>>> print(open('my_file29.pdb').read())   # PDB, C-alpha atoms
ATOM      1  CA  MET A   1      54.691  29.990 -50.092
ATOM      2  CA  LYS A   2      58.422  29.514 -49.333
ATOM      3  CA  ASN A   3      58.965  33.270 -49.476
ATOM      4  CA  SER A   4      56.072  33.821 -47.073
ATOM      5  CA  LEU A   5      57.484  31.298 -44.603
ATOM      6  CA  ARG A   6      60.958  32.813 -44.905
ATOM      7  CA  LEU A   7      59.518  36.246 -44.190
ATOM      8  CA  LEU A   8      57.610  34.968 -41.148
ATOM      9  CA  THR A   9      60.729  33.382 -39.628
ATOM     10  CA  LYS A  10      62.615  36.704 -39.906
ATOM     11  CA  MET A  11      59.851  38.768 -38.221
ATOM     12  CA  SER A  12      59.909  39.680 -34.558
ATOM     13  CA  ILE A  13      57.402  37.941 -32.293
ATOM     14  CA  PHE A  14      55.576  41.278 -31.952
ATOM     15  CA  LYS A  15      55.049  41.529 -35.704
ATOM     16  CA  LYS A  16      53.897  37.906 -35.876
ATOM     17  CA  VAL A  17      51.353  38.480 -33.102
ATOM     18  CA  LEU A  18      50.209  41.725 -34.736
ATOM     19  CA  ILE A  19      49.697  40.010 -38.098
ATOM     20  CA  LEU A  20      47.840  37.138 -36.429
ATOM     21  CA  PHE A  21      45.667  39.621 -34.514
ATOM     22  CA  LEU A  22      44.851  41.595 -37.670
ATOM     23  CA  TYR A  23      44.087  38.398 -39.586
ATOM     24  CA  MET A  24      41.771  37.205 -36.805
ATOM     25  CA  GLN A  25      40.018  40.581 -36.688
ATOM     26  CA  TYR A  26      39.494  40.450 -40.456
ATOM     27  CA  ALA A  27      38.266  36.841 -40.309
ATOM     28  CA  LEU A  28      35.899  37.555 -37.410
ATOM     29  CA  PHE A  29      34.550  40.670 -39.131
ATOM     30  CA  GLY A  30      33.882  38.692 -42.300
ATOM     31  CA  PHE A  31      32.238  35.921 -40.285
ATOM     32  CA  ALA A  32      30.047  38.380 -38.361
ATOM     33  CA  GLN A  33      28.852  39.970 -41.602
ATOM     34  CA  SER A  34      27.759  36.616 -43.001
ATOM     35  CA  LYS A  35      26.216  35.088 -39.882
ATOM     36  CA  PRO A  36      22.496  34.389 -40.265
ATOM     37  CA  ASP A  37      21.875  35.391 -36.630
ATOM     38  CA  THR A  38      23.180  38.965 -36.942
ATOM     39  CA  THR A  39      20.973  41.575 -35.283
ATOM     40  CA  SER A  40      21.091  45.307 -36.028
ATOM     41  CA  TYR A  41      20.176  47.844 -33.373
ATOM     42  CA  ILE A  42      19.412  51.470 -34.155
ATOM     43  CA  GLN A  43      19.448  53.415 -30.904
ATOM     44  CA  LEU A  44      18.963  57.031 -29.893
ATOM     45  CA  LEU A  45      20.793  58.518 -26.933
ATOM     46  CA  ASP A  46      19.306  61.440 -25.006
ATOM     47  CA  ILE A  47      22.503  63.290 -24.078
ATOM     48  CA  SER A  48      20.797  65.245 -21.275
ATOM     49  CA  THR A  49      19.438  62.169 -19.456
ATOM     50  CA  GLY A  50      21.638  59.347 -20.748
ATOM     51  CA  LYS A  51      18.511  57.384 -21.692
ATOM     52  CA  ILE A  52      18.934  55.020 -24.659
ATOM     53  CA  ASP A  53      15.911  54.257 -26.827
ATOM     54  CA  THR A  54      16.112  51.313 -29.216
ATOM     55  CA  VAL A  55      14.248  52.491 -32.299
ATOM     56  CA  LEU A  56      14.910  49.343 -34.326
ATOM     57  CA  SER A  57      16.026  45.816 -33.562
ATOM     58  CA  SER A  58      16.168  43.715 -36.713
ATOM     59  CA  LYS A  59      17.635  40.453 -37.983
ATOM     60  CA  GLU A  60      18.509  42.402 -41.162
ATOM     61  CA  HIS A  61      21.838  44.212 -41.542
ATOM     62  CA  PHE A  62      21.083  47.970 -41.262
ATOM     63  CA  GLU A  63      23.831  50.585 -41.068
ATOM     64  CA  ALA A  64      24.905  54.229 -41.428
ATOM     65  CA  PRO A  65      21.854  56.097 -40.073
ATOM     66  CA  ASN A  66      21.589  59.776 -41.080
ATOM     67  CA  TRP A  67      19.187  61.936 -39.086
ATOM     68  CA  HIS A  68      16.642  64.193 -40.837
ATOM     69  CA  PRO A  69      14.908  66.992 -38.859
ATOM     70  CA  ASP A  70      11.510  65.666 -39.985
ATOM     71  CA  ASN A  71      12.100  62.973 -37.321
ATOM     72  CA  TYR A  72      13.312  60.095 -39.434
ATOM     73  CA  LEU A  73      16.579  58.346 -40.226
ATOM     74  CA  VAL A  74      17.990  57.417 -43.620
ATOM     75  CA  LEU A  75      19.906  54.122 -43.538
ATOM     76  CA  ASN A  76      20.982  51.333 -45.845
ATOM     77  CA  SER A  77      20.660  47.584 -45.976
ATOM     78  CA  LYS A  78      21.723  45.133 -48.662
ATOM     79  CA  GLY A  79      22.149  47.747 -51.394
ATOM     80  CA  LYS A  80      18.925  49.656 -50.719
ATOM     81  CA  ILE A  81      18.131  52.879 -48.861
ATOM     82  CA  TYR A  82      15.435  52.942 -46.190
ATOM     83  CA  THR A  83      13.787  55.549 -44.000
ATOM     84  CA  LEU A  84      13.037  54.802 -40.370
ATOM     85  CA  ASN A  85      10.304  56.950 -38.818
ATOM     86  CA  ILE A  86      11.497  57.581 -35.266
ATOM     87  CA  ALA A  87       8.012  58.072 -33.800
ATOM     88  CA  SER A  88       6.265  55.091 -35.426
ATOM     89  CA  LYS A  89       9.447  52.960 -35.791
ATOM     90  CA  LYS A  90       8.257  52.066 -39.291
ATOM     91  CA  VAL A  91      10.905  51.139 -41.900
ATOM     92  CA  THR A  92      10.112  52.050 -45.526
ATOM     93  CA  GLU A  93      12.218  51.432 -48.624
ATOM     94  CA  LEU A  94      13.110  54.697 -50.359
ATOM     95  CA  ASN A  95      12.652  54.860 -54.137
ATOM     96  CA  THR A  96      16.182  55.136 -55.564
ATOM     97  CA  GLY A  97      15.247  54.177 -59.125
ATOM     98  CA  PHE A  98      17.801  51.881 -60.747
ATOM     99  CA  ALA A  99      20.274  52.256 -57.855
ATOM    100  CA  ASP A 100      20.060  48.951 -55.979
ATOM    101  CA  GLN A 101      23.714  48.377 -55.074
ATOM    102  CA  ILE A 102      24.128  51.320 -52.670
ATOM    103  CA  ASN A 103      26.801  51.091 -49.995
ATOM    104  CA  ASN A 104      26.940  52.830 -46.616
ATOM    105  CA  ASP A 105      28.498  55.945 -48.174
ATOM    106  CA  HIS A 106      25.449  58.245 -48.222
ATOM    107  CA  GLY A 107      24.368  61.527 -46.640
ATOM    108  CA  ILE A 108      21.746  64.248 -46.451
ATOM    109  CA  SER A 109      22.463  67.758 -47.754
ATOM    110  CA  PRO A 110      22.646  70.639 -45.232
ATOM    111  CA  ASP A 111      19.336  72.025 -46.550
ATOM    112  CA  LYS A 112      17.844  68.522 -46.015
ATOM    113  CA  LYS A 113      16.485  68.357 -49.588
ATOM    114  CA  TRP A 114      19.035  66.043 -51.254
ATOM    115  CA  LEU A 115      20.527  62.639 -50.640
ATOM    116  CA  VAL A 116      23.921  61.682 -52.025
ATOM    117  CA  ILE A 117      24.592  57.961 -52.543
ATOM    118  CA  SER A 118      27.422  55.718 -53.694
ATOM    119  CA  HIS A 119      26.087  53.063 -56.054
ATOM    120  CA  ASN A 120      28.073  50.143 -57.496
ATOM    121  CA  ASP A 121      26.931  50.774 -61.059
ATOM    122  CA  LYS A 122      27.367  47.499 -62.940
ATOM    123  CA  ARG A 123      26.148  49.250 -66.110
ATOM    124  CA  ASP A 124      29.361  51.311 -66.161
ATOM    125  CA  THR A 125      31.633  50.279 -69.056
ATOM    126  CA  SER A 126      34.845  50.493 -66.996
ATOM    127  CA  LYS A 127      36.880  47.296 -66.766
ATOM    128  CA  LYS A 128      37.307  47.886 -63.015
ATOM    129  CA  SER A 129      35.589  45.298 -60.840
ATOM    130  CA  TYR A 130      34.170  47.769 -58.290
ATOM    131  CA  LYS A 131      32.242  50.549 -60.010
ATOM    132  CA  SER A 132      31.106  52.792 -57.181
ATOM    133  CA  ALA A 133      29.882  56.128 -58.576
ATOM    134  CA  ILE A 134      28.318  59.097 -56.800
ATOM    135  CA  TYR A 135      24.698  60.063 -57.440
ATOM    136  CA  ILE A 136      22.288  62.644 -56.037
ATOM    137  CA  LEU A 137      18.510  62.355 -55.674
ATOM    138  CA  PRO A 138      15.739  64.120 -53.727
ATOM    139  CA  VAL A 139      15.734  63.048 -50.063
ATOM    140  CA  SER A 140      12.107  61.970 -50.589
ATOM    141  CA  GLY A 141      13.235  59.549 -53.331
ATOM    142  CA  GLY A 142      13.383  59.566 -57.097
ATOM    143  CA  GLU A 143      15.659  58.871 -60.031
ATOM    144  CA  PRO A 144      19.341  59.431 -59.164
ATOM    145  CA  ARG A 145      21.528  61.782 -61.245
ATOM    146  CA  ARG A 146      25.152  60.717 -61.641
ATOM    147  CA  ILE A 147      27.819  63.134 -60.460
ATOM    148  CA  THR A 148      31.150  61.330 -60.880
ATOM    149  CA  PRO A 149      32.197  59.953 -64.269
ATOM    150  CA  GLU A 150      35.114  57.899 -62.891
ATOM    151  CA  VAL A 151      34.889  54.681 -60.871
ATOM    152  CA  PRO A 152      35.426  53.870 -58.178
ATOM    153  CA  SER A 153      34.552  57.130 -56.496
ATOM    154  CA  PHE A 154      33.365  57.791 -52.978
ATOM    155  CA  TRP A 155      31.425  60.640 -51.365
ATOM    156  CA  HIS A 156      33.213  62.552 -48.610
ATOM    157  CA  GLY A 157      30.941  65.399 -47.605
ATOM    158  CA  TRP A 158      28.866  68.484 -48.272
ATOM    159  CA  SER A 159      30.011  72.059 -47.756
ATOM    160  CA  PRO A 160      28.037  73.770 -44.945
ATOM    161  CA  ASP A 161      26.053  75.789 -47.524
ATOM    162  CA  GLY A 162      25.192  72.637 -49.535
ATOM    163  CA  LYS A 163      26.600  74.090 -52.750
ATOM    164  CA  THR A 164      29.596  71.776 -53.003
ATOM    165  CA  LEU A 165      30.098  68.018 -52.743
ATOM    166  CA  ALA A 166      33.491  66.430 -52.125
ATOM    167  CA  THR A 167      34.330  63.070 -53.716
ATOM    168  CA  ALA A 168      37.484  60.996 -53.916
ATOM    169  CA  GLY A 169      38.642  57.937 -55.758
ATOM    170  CA  SER A 170      41.396  55.502 -56.586
ATOM    171  CA  ASP A 171      43.166  58.102 -58.770
ATOM    172  CA  LYS A 172      44.357  59.996 -55.647
ATOM    173  CA  VAL A 173      42.307  63.094 -56.513
ATOM    174  CA  VAL A 174      39.657  64.763 -54.362
ATOM    175  CA  ARG A 175      37.078  66.531 -56.518
ATOM    176  CA  LEU A 176      34.649  69.299 -55.621
ATOM    177  CA  TRP A 177      31.300  69.362 -57.459
ATOM    178  CA  ASN A 178      28.343  71.683 -57.908
ATOM    179  CA  PRO A 179      25.373  69.387 -57.129
ATOM    180  CA  ASP A 180      22.915  71.622 -59.027
ATOM    181  CA  THR A 181      24.779  71.659 -62.350
ATOM    182  CA  LEU A 182      26.698  68.362 -61.847
ATOM    183  CA  THR A 183      29.886  70.167 -62.849
ATOM    184  CA  GLN A 184      33.281  69.824 -61.257
ATOM    185  CA  ARG A 185      34.525  72.931 -59.439
ATOM    186  CA  LEU A 186      38.071  72.017 -58.513
ATOM    187  CA  PRO A 187      40.258  68.910 -58.413
ATOM    188  CA  LEU A 188      42.586  68.651 -55.398
ATOM    189  CA  GLU A 189      45.536  66.603 -56.658
ATOM    190  CA  GLY A 190      48.695  65.323 -55.017
ATOM    191  CA  HIS A 191      47.439  62.840 -52.424
ATOM    192  CA  ALA A 192      49.988  60.147 -51.556
ATOM    193  CA  GLN A 193      47.503  57.303 -51.740
ATOM    194  CA  ALA A 194      44.066  56.492 -53.085
ATOM    195  CA  ALA A 195      41.299  58.226 -51.149
ATOM    196  CA  GLU A 196      38.293  56.224 -50.062
TER
END
>>> encode(input="my_file29.pdb", output="structure tokens")
Amino acid sequence: MKNSLRLLTKMSIFKKVLILFLYMQYALFGFAQSKPDTTSYIQLLDISTGKIDTVLSSKEHFEAPNWHPDNYLVLNSKGKIYTLNIASKKVTELNTGFADQINNDHGISPDKKWLVISHNDKRDTSKKSYKSAIYILPVSGGEPRRITPEVPSFWHGWSPDGKTLATAGSDKVVRLWNPDTLTQRLPLEGHAQAAE
């Protein structure tokens, strides 16, 4: 504590205000995420008219919508994946098998047949506290297949042809994967810090 106070007295007023601002932002963000009166809005914007259509207004925390050309969105809430039919505005939980700790790191393949998810796999034997691993499953739902052996790992994108997935993790390596064979194509090493 003494060292912290000593450091604060040596900082410029700008740095003190910046630290206070960042702390308040972090505290407010954490508070907003835990408030019981949080409302999620999923909205569509017609870019030609500027009209905004609220497809979903919910007291649940929904995030990270991904559009599918069959006129629905894929989104997550509290570790689960849901589909939101744009026409009917109906929300349906997607079958993701054992994966029930999914974060907002998910996406639809370019051919619209596959869904990649990041799941905090507590079954993993790693001693690391956060065990996010990358999985792939049919976009219509089903049992996920694990892609990344290391944890934590995070999904970063599909190649335009859908034949390669990019993942990254705390080991500072970006990896490219074949989603059909679940084999690694190429590690991209030499990043200065952990990729997330």
>>> closest_residue(input="my_file29.pdb", among="A:Gln184, A:Thr125, A:Ser140, A:Ser48", to="A:Thr92", atoms="only C-alpha atoms")
A:Ser140
>>> resolve_selection(input="my_file29.pdb", expression="the PyMOL selection byres ((chain A and resi 137) around 10)", output="list in words")
Asn95, Thr96, Gly97, Ile108, Lys113, Trp114, Leu115, Val116, Ile117, Tyr135, Ile136, Pro138, Val139, Ser140, Gly141, Gly142, Glu143, Pro144, Arg145, Arg146 and Pro179 of chain A
>>> atom_distance(input="my_file29.pdb", atom1="atom CA of A:Asp46", atom2="atom CA of A:Ala64")
18.8 Å
>>> atom_distance(input="my_file29.pdb", atom1="atom CA of A:Lys163", atom2="atom CA of A:Glu150")
20.9 Å
>>> residues_around(input="my_file29.pdb", residues="A:Lys90", least_positions_apart="4", cutoff="12 Å", atoms="all atoms listed in the file", output="ChimeraX atom specification")
/A:55-58,71-74,82-86
>>> write_last_selection(input="my_file29.pdb", atoms="C-alpha atoms", output="JSON list (two decimals), in the coordinates of the input")
[["chain", "number", "residue", "atom", "x", "y", "z"],
["A", 55, "VAL", "CA", 14.25, 52.49, -32.30],
["A", 56, "LEU", "CA", 14.91, 49.34, -34.33],
["A", 57, "SER", "CA", 16.03, 45.82, -33.56],
["A", 58, "SER", "CA", 16.17, 43.72, -36.71],
["A", 71, "ASN", "CA", 12.10, 62.97, -37.32],
["A", 72, "TYR", "CA", 13.31, 60.10, -39.43],
["A", 73, "LEU", "CA", 16.58, 58.35, -40.23],
["A", 74, "VAL", "CA", 17.99, 57.42, -43.62],
["A", 82, "TYR", "CA", 15.44, 52.94, -46.19],
["A", 83, "THR", "CA", 13.79, 55.55, -44.00],
["A", 84, "LEU", "CA", 13.04, 54.80, -40.37],
["A", 85, "ASN", "CA", 10.30, 56.95, -38.82],
["A", 86, "ILE", "CA", 11.50, 57.58, -35.27]]
>>> resolve_selection(input="my_file29.pdb", expression="the PyMOL selection byres ((chain A and resi 152) around 8)", output="PyMOL selection string")
chain A and resi 128+130-133+150-151+153-154+169-170
>>> axis_aligned_box(input="my_file29.pdb", around="stretch 46-56 of chain A", padding_each_side="3 Å", output="AutoDock Vina command-line options")
--center_x 18.4 --center_y 57.3 --center_z -26.9 --size_x 14.3 --size_y 21.9 --size_z 20.9
>>> atom_distance(input="my_file29.pdb", atom1="atom CA of A:Asn76", atom2="atom CA of A:Thr183")
26.9 Å
>>> resolve_selection(input="my_file29.pdb", expression="the PyMOL selection byres ((chain A and resi 186) around 6)", output="PDB file with C-alpha atoms, in the frame of the given file")
ATOM      1  CA  ARG A 175      37.078  66.531 -56.518  1.00  0.00           C
ATOM      2  CA  LEU A 176      34.649  69.299 -55.621  1.00  0.00           C
ATOM      3  CA  GLN A 184      33.281  69.824 -61.257  1.00  0.00           C
ATOM      4  CA  ARG A 185      34.525  72.931 -59.439  1.00  0.00           C
ATOM      5  CA  PRO A 187      40.258  68.910 -58.413  1.00  0.00           C
TER       6      PRO A 187
END
>>> closest_residue(input="my_file29.pdb", among="A:Val174, A:Lys127, A:Glu60, A:Ala166", to="A:Val91", atoms="all atoms listed in the file")
A:Glu60
